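Undergrad: Below is the file input-v6.cif, with mmCIF, C-alpha atoms (C1' of nucleotides).
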```
data_my_file
#
loop_
_atom_site.group_PDB
_atom_site.id
_atom_site.type_symbol
_atom_site.label_atom_id
_atom_site.label_comp_id
_atom_site.auth_asym_id
_atom_site.auth_seq_id
_atom_site.Cartn_x
_atom_site.Cartn_y
_atom_site.Cartn_z
ATOM 1 C CA MET A 176 -20.108 -59.609 20.203
ATOM 2 C CA THR A 177 -23.422 -60.838 18.815
ATOM 3 C CA ALA A 178 -26.641 -61.647 20.683
ATOM 4 C CA HIS A 179 -26.078 -65.257 19.685
ATOM 5 C CA THR A 180 -22.731 -65.235 21.394
ATOM 6 C CA LEU A 181 -24.103 -63.650 24.553
ATOM 7 C CA ARG A 182 -26.777 -66.337 24.835
ATOM 8 C CA TYR A 183 -24.146 -68.977 24.187
ATOM 9 C CA TYR A 184 -21.984 -67.564 26.967
ATOM 10 C CA GLU A 185 -24.949 -67.710 29.315
ATOM 11 C CA ARG A 186 -25.602 -71.320 28.351
ATOM 12 C CA VAL A 187 -22.070 -72.429 29.083
ATOM 13 C CA GLY A 188 -21.907 -70.563 32.369
ATOM 14 C CA LEU A 189 -19.717 -67.604 31.485
ATOM 15 C CA ILE A 190 -22.560 -65.288 32.352
ATOM 16 C CA GLN A 191 -25.040 -65.827 35.162
ATOM 17 C CA PRO A 192 -28.724 -65.701 34.142
ATOM 18 C CA VAL A 193 -29.228 -62.031 33.523
ATOM 19 C CA GLY A 194 -32.159 -59.723 34.370
ATOM 20 C CA ARG A 195 -35.227 -59.668 32.132
ATOM 21 C CA ALA A 196 -37.679 -57.043 31.018
ATOM 22 C CA ARG A 197 -41.436 -57.720 31.450
ATOM 23 C CA ASN A 198 -41.555 -59.332 28.041
ATOM 24 C CA GLY A 199 -38.774 -61.728 28.905
ATOM 25 C CA HIS A 200 -36.073 -59.945 26.932
ATOM 26 C CA ARG A 201 -32.629 -59.852 28.523
ATOM 27 C CA ARG A 202 -31.525 -56.629 30.152
ATOM 28 C CA TYR A 203 -27.801 -56.246 30.796
ATOM 29 C CA SER A 204 -26.840 -54.106 33.785
ATOM 30 C CA ASP A 205 -23.679 -52.020 33.923
ATOM 31 C CA ALA A 206 -22.111 -54.734 36.050
ATOM 32 C CA ASP A 207 -23.094 -57.310 33.407
ATOM 33 C CA GLU A 208 -21.523 -55.150 30.748
ATOM 34 C CA ALA A 209 -18.309 -54.764 32.731
ATOM 35 C CA TRP A 210 -18.096 -58.513 33.181
ATOM 36 C CA ILE A 211 -18.828 -59.123 29.512
ATOM 37 C CA HIS A 212 -16.135 -56.657 28.588
ATOM 38 C CA PHE A 213 -13.706 -58.598 30.719
ATOM 39 C CA LEU A 214 -14.767 -61.863 29.074
ATOM 40 C CA HIS A 215 -14.302 -60.284 25.686
ATOM 41 C CA CYS A 216 -10.847 -59.137 26.653
ATOM 42 C CA MET A 217 -9.842 -62.609 27.792
ATOM 43 C CA ARG A 218 -11.266 -64.278 24.690
ATOM 44 C CA ALA A 219 -9.517 -61.765 22.458
ATOM 45 C CA THR A 220 -6.270 -62.958 24.004
ATOM 46 C CA SER A 221 -7.091 -66.638 23.478
ATOM 47 C CA MET A 222 -8.181 -67.723 26.902
ATOM 48 C CA PRO A 223 -10.191 -70.937 26.384
ATOM 49 C CA ILE A 224 -13.902 -70.853 27.179
ATOM 50 C CA ARG A 225 -13.357 -73.677 29.688
ATOM 51 C CA GLU A 226 -10.909 -71.621 31.679
ATOM 52 C CA MET A 227 -13.147 -68.591 31.605
ATOM 53 C CA ALA A 228 -16.010 -70.750 32.812
ATOM 54 C CA ARG A 229 -13.853 -72.051 35.643
ATOM 55 C CA TYR A 230 -13.017 -68.500 36.610
ATOM 56 C CA ALA A 231 -16.672 -67.451 36.460
ATOM 57 C CA GLU A 232 -17.618 -70.390 38.638
ATOM 58 C CA LEU A 233 -15.035 -69.458 41.287
ATOM 59 C CA ARG A 234 -16.217 -65.887 41.189
ATOM 60 C CA GLU A 235 -19.710 -67.044 42.118
ATOM 61 C CA VAL A 236 -18.331 -68.772 45.178
ATOM 62 C CA GLY A 237 -16.800 -65.605 46.594
ATOM 63 C CA ASP A 238 -13.662 -64.280 48.211
ATOM 64 C CA ALA A 239 -12.504 -67.687 49.412
ATOM 65 C CA THR A 240 -11.555 -68.486 45.807
ATOM 66 C CA SER A 241 -9.479 -65.374 45.409
ATOM 67 C CA GLU A 242 -6.149 -67.115 45.272
ATOM 68 C CA GLU A 243 -7.185 -69.628 42.664
ATOM 69 C CA ARG A 244 -8.664 -66.913 40.507
ATOM 70 C CA ARG A 245 -5.515 -64.872 40.810
ATOM 71 C CA LYS A 246 -3.498 -67.865 39.745
ATOM 72 C CA ILE A 247 -5.672 -68.268 36.657
ATOM 73 C CA LEU A 248 -5.100 -64.655 35.750
ATOM 74 C CA GLU A 249 -1.381 -64.882 36.373
ATOM 75 C CA ASP A 250 -1.130 -67.943 34.152
ATOM 76 C CA HIS A 251 -3.024 -66.225 31.424
ATOM 77 C CA GLN A 252 -0.900 -63.134 31.760
ATOM 78 C CA ALA A 253 2.225 -65.246 31.357
ATOM 79 C CA GLY A 254 0.687 -66.741 28.238
ATOM 80 C CA ILE A 255 0.011 -63.269 26.929
ATOM 81 C CA ALA A 256 3.609 -62.241 27.504
ATOM 82 C CA ALA A 257 4.760 -65.281 25.549
ATOM 83 C CA GLN A 258 2.329 -64.494 22.752
ATOM 84 C CA ILE A 259 3.651 -60.964 22.525
ATOM 85 C CA VAL A 260 7.196 -62.229 22.137
ATOM 86 C CA GLU A 261 6.112 -64.632 19.399
ATOM 87 C CA LEU A 262 4.220 -61.899 17.587
ATOM 88 C CA GLN A 263 7.147 -59.534 17.789
ATOM 89 C CA ARG A 264 9.441 -62.153 16.306
ATOM 90 C CA ALA A 265 7.027 -62.747 13.456
ATOM 91 C CA HIS A 266 6.639 -59.016 12.943
ATOM 92 C CA ALA A 267 10.382 -58.621 12.572
ATOM 93 C CA LEU A 268 10.584 -61.583 10.216
ATOM 94 C CA LEU A 269 7.891 -60.066 8.061
ATOM 95 C CA THR A 270 9.622 -56.697 7.949
ATOM 96 C CA HIS A 271 12.641 -58.525 6.615
ATOM 97 C CA LYS A 272 10.689 -60.515 4.032
ATOM 98 C CA ILE A 273 8.678 -57.550 2.864
ATOM 99 C CA ALA A 274 11.866 -55.579 2.285
ATOM 100 C CA ASN A 275 13.123 -58.519 0.289
ATOM 101 C CA TYR A 276 9.986 -58.510 -1.851
ATOM 102 C CA LYS A 277 10.426 -54.829 -2.508
ATOM 103 C CA ALA A 278 13.928 -55.545 -3.743
ATOM 104 C CA ILE A 279 12.637 -58.276 -6.037
ATOM 105 C CA GLU A 280 9.970 -55.991 -7.404
ATOM 106 C CA GLN A 281 12.594 -53.336 -7.995
ATOM 107 C CA ARG A 282 14.667 -55.856 -9.898
ATOM 108 C CA ILE A 283 11.690 -56.713 -12.088
ATOM 109 C CA ARG A 284 10.783 -53.096 -12.654
ATOM 110 C CA ILE A 285 14.169 -52.222 -14.073
ATOM 111 C CA ASP A 286 14.104 -55.371 -16.189
ATOM 112 C CA ARG A 287 16.957 -57.379 -14.750
ATOM 113 C CA PRO A 288 20.045 -55.337 -15.570
ATOM 114 C CA ALA A 289 21.855 -56.881 -12.664
ATOM 115 C CA LEU A 290 24.626 -59.037 -14.108
ATOM 116 C CA HIS A 291 27.260 -56.497 -13.126
ATOM 117 C CA GLU A 292 25.682 -56.032 -9.664
ATOM 118 C CA PRO A 293 25.421 -59.600 -8.503
ATOM 119 C CA GLU A 294 25.656 -58.748 -4.819
ATOM 120 C CA VAL A 295 22.181 -57.240 -4.927
ATOM 121 C CA VAL A 296 20.826 -60.509 -6.205
ATOM 122 C CA ARG A 297 22.678 -62.496 -3.589
ATOM 123 C CA GLU A 298 21.004 -60.566 -0.869
ATOM 124 C CA LEU A 299 17.632 -61.887 -1.964
ATOM 125 C CA GLU A 300 16.347 -64.900 -0.164
ATOM 126 C CA PRO A 301 15.888 -68.134 -2.039
ATOM 127 C CA VAL A 302 12.627 -68.889 -0.282
ATOM 128 C CA GLY A 303 9.250 -67.138 -0.566
ATOM 129 C CA MET B 829 4.987 -79.825 14.787
ATOM 130 C CA THR B 830 4.043 -83.484 14.455
ATOM 131 C CA ALA B 831 4.480 -85.814 11.497
ATOM 132 C CA HIS B 832 0.688 -85.874 11.240
ATOM 133 C CA THR B 833 0.646 -82.128 10.856
ATOM 134 C CA LEU B 834 3.375 -82.137 8.227
ATOM 135 C CA ARG B 835 1.450 -84.665 6.137
ATOM 136 C CA TYR B 836 -1.690 -82.618 6.609
ATOM 137 C CA TYR B 837 0.109 -79.512 5.396
ATOM 138 C CA GLU B 838 1.254 -81.378 2.329
ATOM 139 C CA ARG B 839 -2.295 -82.539 1.645
ATOM 140 C CA VAL B 840 -3.730 -79.044 1.759
ATOM 141 C CA GLY B 841 -0.984 -77.564 -0.391
ATOM 142 C CA LEU B 842 1.088 -75.720 2.165
ATOM 143 C CA ILE B 843 4.042 -77.918 1.314
ATOM 144 C CA GLN B 844 4.875 -79.201 -2.147
ATOM 145 C CA PRO B 845 5.317 -82.961 -2.416
ATOM 146 C CA VAL B 846 8.633 -83.476 -0.738
ATOM 147 C CA GLY B 847 11.573 -85.722 -1.629
ATOM 148 C CA ARG B 848 11.497 -89.400 -0.652
ATOM 149 C CA ALA B 849 14.050 -91.923 0.455
ATOM 150 C CA ARG B 850 14.275 -95.265 -1.397
ATOM 151 C CA ASN B 851 11.710 -96.759 0.929
ATOM 152 C CA GLY B 852 9.221 -94.007 0.246
ATOM 153 C CA HIS B 853 9.773 -92.137 3.483
ATOM 154 C CA ARG B 854 9.710 -88.349 3.284
ATOM 155 C CA ARG B 855 13.032 -86.542 3.402
ATOM 156 C CA TYR B 856 12.906 -82.848 4.206
ATOM 157 C CA SER B 857 15.664 -80.727 2.687
ATOM 158 C CA ASP B 858 17.083 -77.634 4.349
ATOM 159 C CA ALA B 859 14.923 -75.539 2.028
ATOM 160 C CA ASP B 860 11.878 -77.568 3.095
ATOM 161 C CA GLU B 861 12.763 -76.990 6.714
ATOM 162 C CA ALA B 862 13.167 -73.256 6.174
ATOM 163 C CA TRP B 863 9.783 -73.104 4.503
ATOM 164 C CA ILE B 864 8.186 -75.173 7.257
ATOM 165 C CA HIS B 865 9.704 -72.879 9.837
ATOM 166 C CA PHE B 866 8.133 -69.945 8.052
ATOM 167 C CA LEU B 867 4.767 -71.712 7.963
ATOM 168 C CA HIS B 868 5.056 -72.451 11.650
ATOM 169 C CA CYS B 869 5.808 -68.835 12.359
ATOM 170 C CA MET B 870 2.768 -67.655 10.423
ATOM 171 C CA ARG B 871 0.480 -70.216 12.059
ATOM 172 C CA ALA B 872 1.778 -69.283 15.489
ATOM 173 C CA THR B 873 0.578 -65.775 14.762
ATOM 174 C CA SER B 874 -2.867 -66.916 13.617
ATOM 175 C CA MET B 875 -2.573 -66.735 9.874
ATOM 176 C CA PRO B 876 -5.353 -68.970 8.528
ATOM 177 C CA ILE B 877 -4.342 -72.101 6.636
ATOM 178 C CA ARG B 878 -6.282 -70.841 3.608
ATOM 179 C CA GLU B 879 -4.176 -67.724 3.417
ATOM 180 C CA MET B 880 -0.978 -69.650 3.854
ATOM 181 C CA ALA B 881 -2.085 -71.984 1.080
ATOM 182 C CA ARG B 882 -2.786 -68.991 -1.151
ATOM 183 C CA TYR B 883 0.678 -67.689 -0.442
ATOM 184 C CA ALA B 884 2.250 -71.067 -1.109
ATOM 185 C CA GLU B 885 0.393 -71.291 -4.402
ATOM 186 C CA LEU B 886 1.629 -67.873 -5.516
ATOM 187 C CA ARG B 887 5.131 -68.811 -4.517
ATOM 188 C CA GLU B 888 4.995 -71.758 -6.908
ATOM 189 C CA VAL B 889 4.098 -69.440 -9.767
ATOM 190 C CA GLY B 890 7.223 -67.341 -9.366
ATOM 191 C CA ASP B 891 8.419 -63.755 -9.277
ATOM 192 C CA ALA B 892 5.404 -62.416 -11.163
ATOM 193 C CA THR B 893 3.352 -62.904 -7.997
ATOM 194 C CA SER B 894 5.765 -60.964 -5.852
ATOM 195 C CA GLU B 895 3.484 -58.002 -5.270
ATOM 196 C CA GLU B 896 0.507 -60.076 -4.243
ATOM 197 C CA ARG B 897 2.608 -62.105 -1.856
ATOM 198 C CA ARG B 898 4.053 -58.975 -0.368
ATOM 199 C CA LYS B 899 0.538 -57.654 0.147
ATOM 200 C CA ILE B 900 -0.432 -60.839 1.993
ATOM 201 C CA LEU B 901 2.563 -60.443 4.275
ATOM 202 C CA GLU B 902 1.864 -56.768 4.851
ATOM 203 C CA ASP B 903 -1.740 -57.518 5.754
ATOM 204 C CA HIS B 904 -0.667 -60.193 8.163
ATOM 205 C CA GLN B 905 1.926 -57.930 9.671
ATOM 206 C CA ALA B 906 -0.735 -55.293 10.269
ATOM 207 C CA GLY B 907 -2.857 -57.952 11.943
ATOM 208 C CA ILE B 908 0.074 -58.874 14.134
ATOM 209 C CA ALA B 909 0.567 -55.258 15.166
ATOM 210 C CA ALA B 910 -3.107 -55.065 16.129
ATOM 211 C CA GLN B 911 -2.832 -58.311 18.077
ATOM 212 C CA ILE B 912 0.140 -56.977 19.989
ATOM 213 C CA VAL B 913 -1.814 -53.904 20.995
ATOM 214 C CA GLU B 914 -4.726 -56.057 22.154
ATOM 215 C CA LEU B 915 -2.443 -58.319 24.131
ATOM 216 C CA GLN B 916 -0.706 -55.399 25.765
ATOM 217 C CA ARG B 917 -4.036 -53.950 26.839
ATOM 218 C CA ALA B 918 -5.066 -57.269 28.327
ATOM 219 C CA HIS B 919 -1.698 -57.621 30.010
ATOM 220 C CA ALA B 920 -2.144 -54.250 31.689
ATOM 221 C CA LEU B 921 -5.692 -55.079 32.720
ATOM 222 C CA LEU B 922 -4.487 -58.300 34.293
ATOM 223 C CA THR B 923 -1.707 -56.548 36.170
ATOM 224 C CA HIS B 924 -4.386 -54.333 37.651
ATOM 225 C CA LYS B 925 -6.731 -57.170 38.545
ATOM 226 C CA ILE B 926 -3.984 -59.315 39.992
ATOM 227 C CA ALA B 927 -2.930 -56.464 42.242
ATOM 228 C CA ASN B 928 -6.542 -56.183 43.314
ATOM 229 C CA TYR B 929 -6.654 -59.869 44.182
ATOM 230 C CA LYS B 930 -3.526 -59.492 46.244
ATOM 231 C CA ALA B 931 -5.238 -56.720 48.177
ATOM 232 C CA ILE B 932 -8.283 -58.917 48.760
ATOM 233 C CA GLU B 933 -6.116 -61.776 49.930
ATOM 234 C CA GLN B 934 -4.308 -59.419 52.268
ATOM 235 C CA ARG B 935 -7.640 -58.318 53.672
ATOM 236 C CA ILE B 936 -8.639 -61.933 54.303
ATOM 237 C CA ARG B 937 -5.279 -62.791 55.846
ATOM 238 C CA ILE B 938 -5.591 -60.101 58.504
ATOM 239 C CA ASP B 939 -9.169 -61.170 59.171
ATOM 240 C CA ARG B 940 -11.157 -58.124 58.050
ATOM 241 C CA PRO B 941 -10.141 -55.411 60.528
ATOM 242 C CA ALA B 942 -11.089 -52.788 58.011
ATOM 243 C CA LEU B 943 -14.094 -50.943 59.430
ATOM 244 C CA HIS B 944 -11.919 -47.999 60.361
ATOM 245 C CA GLU B 945 -10.101 -48.104 57.013
ATOM 246 C CA PRO B 946 -12.971 -48.136 54.570
ATOM 247 C CA GLU B 947 -10.968 -46.474 51.781
ATOM 248 C CA VAL B 948 -8.946 -49.655 51.332
ATOM 249 C CA VAL B 949 -12.132 -51.576 50.738
ATOM 250 C CA ARG B 950 -13.452 -48.990 48.342
ATOM 251 C CA GLU B 951 -10.399 -49.385 46.170
ATOM 252 C CA LEU B 952 -11.323 -52.975 45.511
ATOM 253 C CA GLU B 953 -13.232 -53.691 42.366
ATOM 254 C CA PRO B 954 -16.763 -55.002 42.653
ATOM 255 C CA VAL B 955 -16.242 -57.381 39.763
ATOM 256 C CA GLY B 956 -14.040 -60.489 39.611
ATOM 257 C "C1'" DC C 308 12.546 -116.588 8.107
ATOM 258 C "C1'" DC C 309 10.101 -113.756 11.065
ATOM 259 C "C1'" DT C 310 9.228 -110.077 14.183
ATOM 260 C "C1'" DT C 311 9.425 -105.312 15.177
ATOM 261 C "C1'" DG C 312 8.787 -100.694 14.358
ATOM 262 C "C1'" DA C 313 8.670 -96.685 11.681
ATOM 263 C "C1'" DC C 314 6.879 -95.104 8.102
ATOM 264 C "C1'" DT C 315 2.990 -95.012 4.169
ATOM 265 C "C1'" DT C 316 -2.061 -94.177 2.524
ATOM 266 C "C1'" DT C 317 -7.099 -92.825 2.882
ATOM 267 C "C1'" DG C 318 -10.771 -91.288 5.163
ATOM 268 C "C1'" DA C 319 -13.061 -90.496 9.269
ATOM 269 C "C1'" DG C 320 -13.448 -88.176 13.845
ATOM 270 C "C1'" DC C 321 -12.969 -84.564 17.181
ATOM 271 C "C1'" DG C 322 -12.732 -80.340 20.147
ATOM 272 C "C1'" DC C 323 -13.477 -75.627 19.942
ATOM 273 C "C1'" DG C 324 -16.285 -71.625 19.479
ATOM 274 C "C1'" DC C 325 -19.530 -70.068 17.676
ATOM 275 C "C1'" DT C 326 -23.709 -69.720 14.347
ATOM 276 C "C1'" DC C 327 -27.951 -70.656 12.730
ATOM 277 C "C1'" DA C 328 -32.664 -72.865 11.884
ATOM 278 C "C1'" DA C 329 -37.242 -73.481 13.468
ATOM 279 C "C1'" DA C 330 -40.912 -72.496 16.052
ATOM 280 C "C1'" DG C 331 -42.984 -69.665 19.557
ATOM 281 C "C1'" DT C 332 -44.107 -65.198 22.263
ATOM 282 C "C1'" DT C 333 -44.574 -60.346 22.829
ATOM 283 C "C1'" DG C 334 -45.006 -55.317 22.011
ATOM 284 C "C1'" DT C 335 -45.585 -51.630 18.376
ATOM 285 C "C1'" DA C 336 -47.411 -49.497 14.135
ATOM 286 C "C1'" DC C 337 -50.714 -49.136 10.822
ATOM 287 C "C1'" DG D 88 -57.375 -56.620 14.114
ATOM 288 C "C1'" DT D 89 -53.280 -57.791 12.132
ATOM 289 C "C1'" DA D 90 -48.864 -57.520 10.164
ATOM 290 C "C1'" DC D 91 -44.234 -56.976 11.559
ATOM 291 C "C1'" DA D 92 -40.010 -56.903 14.026
ATOM 292 C "C1'" DA D 93 -37.442 -58.323 17.777
ATOM 293 C "C1'" DC D 94 -36.785 -61.095 20.916
ATOM 294 C "C1'" DT D 95 -37.306 -66.110 23.110
ATOM 295 C "C1'" DT D 96 -36.193 -71.394 23.274
ATOM 296 C "C1'" DT D 97 -33.921 -75.904 21.902
ATOM 297 C "C1'" DG D 98 -31.041 -78.389 19.322
ATOM 298 C "C1'" DA D 99 -28.520 -78.983 15.331
ATOM 299 C "C1'" DG D 100 -24.807 -77.576 12.091
ATOM 300 C "C1'" DC D 101 -20.465 -75.720 10.662
ATOM 301 C "C1'" DG D 102 -15.625 -74.159 9.711
ATOM 302 C "C1'" DC D 103 -11.183 -74.642 11.373
ATOM 303 C "C1'" DG D 104 -7.124 -77.191 12.355
ATOM 304 C "C1'" DC D 105 -5.646 -80.778 13.410
ATOM 305 C "C1'" DT D 106 -5.616 -85.864 15.062
ATOM 306 C "C1'" DC D 107 -6.210 -90.480 14.748
ATOM 307 C "C1'" DA D 108 -7.641 -95.282 13.129
ATOM 308 C "C1'" DA D 109 -6.915 -98.962 9.965
ATOM 309 C "C1'" DA D 110 -4.534 -101.327 6.851
ATOM 310 C "C1'" DG D 111 -0.421 -101.725 4.152
ATOM 311 C "C1'" DT D 112 4.775 -101.538 2.910
ATOM 312 C "C1'" DC D 113 9.485 -101.765 3.828
ATOM 313 C "C1'" DA D 114 14.328 -102.335 6.276
ATOM 314 C "C1'" DA D 115 16.838 -103.816 9.900
ATOM 315 C "C1'" DG D 116 17.827 -107.055 13.774
ATOM 316 C "C1'" DG D 117 17.728 -111.535 15.976
#
```
What do you get writing this file as C-alpha cells?
TA:
Amino acid sequence: MTAHTLRYYERVGLIQPVGRARNGHRRYSDADEAWIHFLHCMRATSMPIREMARYAELREVGDATSEERRKILEDHQAGIAAQIVELQRAHALLTHKIANYKAIEQRIRIDRPALHEPEVVRELEPVG
Amino acid sequence: MTAHTLRYYERVGLIQPVGRARNGHRRYSDADEAWIHFLHCMRATSMPIREMARYAELREVGDATSEERRKILEDHQAGIAAQIVELQRAHALLTHKIANYKAIEQRIRIDRPALHEPEVVRELEPVG
DNA sequence: CCTTGACTTTGAGCGCGCTCAAAGTTGTAC
DNA sequence: GTACAACTTTGAGCGCGCTCAAAGTCAAGG
C-alpha cells in the first residue's frame, strides 16, 4: 500500500482526514492503521471502492447504522464464499490440465513411440 | 459472456477467427465453446488478458510450446492458491466482525442496560 | 417489395483503481 | 546559507477490460 494510495483513499472518503505532524505530514495512529488494514483486506477480496466508501460513511454516523453495515459485510462475505468456490474449481481444472501437459511432454521426450499404446494418446485432451 | 466480449476476445487474439455461416455470422464449434469455457474460467480467476493471449498464441504453435504453457498454468494455479488463502482470511475476519455487529445490535435492542455488565461492552471492537 | 431484426465492422468511450507530474513547503545535513 | 530529501497539494493520465455507437449487410416474414 503506497503513500499515493493512502492519499487517494483519503480523497475518496475511505479514510477520514488523519492527524498531522507540525510540518503537516500525515501521522497514522494505531486505530488508523487497524482501519487501513481492514480496508486492505476488503480490497484484496475485490470489494469495490464505492462500497467501502459507503461502509466508511455509515461508520462515521455511529451505532445506528450497525445493521446496514452488517448487511454490507454479510453480502461481501457471501461474495467471498462464491469466489472461493470458483477458484477451487479453476484450481482443480488446472491440476487436470497440467497433468495432461506432463503427459504430452513425456510423449515428446521419448520421441513418439506410441503407436502400440494408443490409449495413452487418447487420454490427452484435444484442446490447450 | 456477451457477444461483444466474444468479438473483443477474437480481436485481441484470445480466440482464433472462428467459422462463419453463409451470411457471415460467427458459428462457434464445440471445440470453440470448450476453449471459450476455459478462457472464461481463467478470467474468472483473474488471469490477465495479456497472459491468456500469450497462452493462446503458444497453443497455436503446437506441442513444442507445451512446457511454457504448462508453466503459465502452474503460475496461475499458484496465484489461485494464494487468492484462496487471502479470501479465507477475509472470510474469517468477516465472521468475527459480523458477530460483533450482532452483539452491538443486541445491545441497542435492549436499550443499553449494560453498566453492570461492562465486560460485554469491552468485548466489542472499537473499529467498524 | 419492404420492413424488421440480428448480425457485421471500426473506432471511440467508459468506469475502475490507482499512479504520477508539477510545483510548493518544511526539516535535516553539510 | 544552501542543497537535499521527504513530504504536501491539485489535477491529469493511464492500463485494464470491456462496452457501446454508428453505419452497413443479409435473411426471413408479411
Undergrad: Can you turn the PyMOL selection byres ((chain A) within 8 of (chain C)) into a concrete residue list for this file, as a VMD selection string?
TA: chain A and resid 179 to 180 198
Undergrad: Please write as a VMD selection string the full residue list that the PyMOL selection byres ((chain A) within 10 of (chain B)) yields on this file.
TA: chain A and resid 206 to 207 209 to 210 213 216 to 217 219 to 221 230 to 231 233 to 235 237 to 249 251 to 256 258 to 270 272 to 277 279 to 280 283 301 to 303
Undergrad: Residue by residue, what does the PyMOL selection byres ((chain B) within 10 of (chain D)) grab here? Present the result as a ChimeraX atom specification.
TA: /B:830,832-833,836-837,850-853,876-878
Undergrad: Report, in Å to a single decimal, how far apart CA of Val889 (chain B) and CA of Asp903 (chain B) are.
TA: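 CA of Val889 (chain B) lies at a distance of 20.4 Å from CA of Asp903 (chain B).
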Undergrad: Would you work out the distance separating CA of Ser204 (chain A) from CA of Gly188 (chain A), expressed in Å to one decimal?
TA: 17.2 Å
Undergrad: Quick one: distance from CA of Arg182 (chain A) to CA of Met875 (chain B) in Å, one decimal?
TA: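 Between CA of Arg182 (chain A) and CA of Met875 (chain B) the gap works out to 28.5 Å.
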Undergrad: With 4 Å on each side, where is the centre of the axis-aligned box around all listed atoms of region 106-116 of chain D, and how long are its edges in Å to one decimal, as lines of an AutoDock Vina configuration file?
TA:
```
center_x = 5.1
center_y = -96.5
center_z = 9.0
size_x = 33.5
size_y = 29.2
size_z = 20.2
```
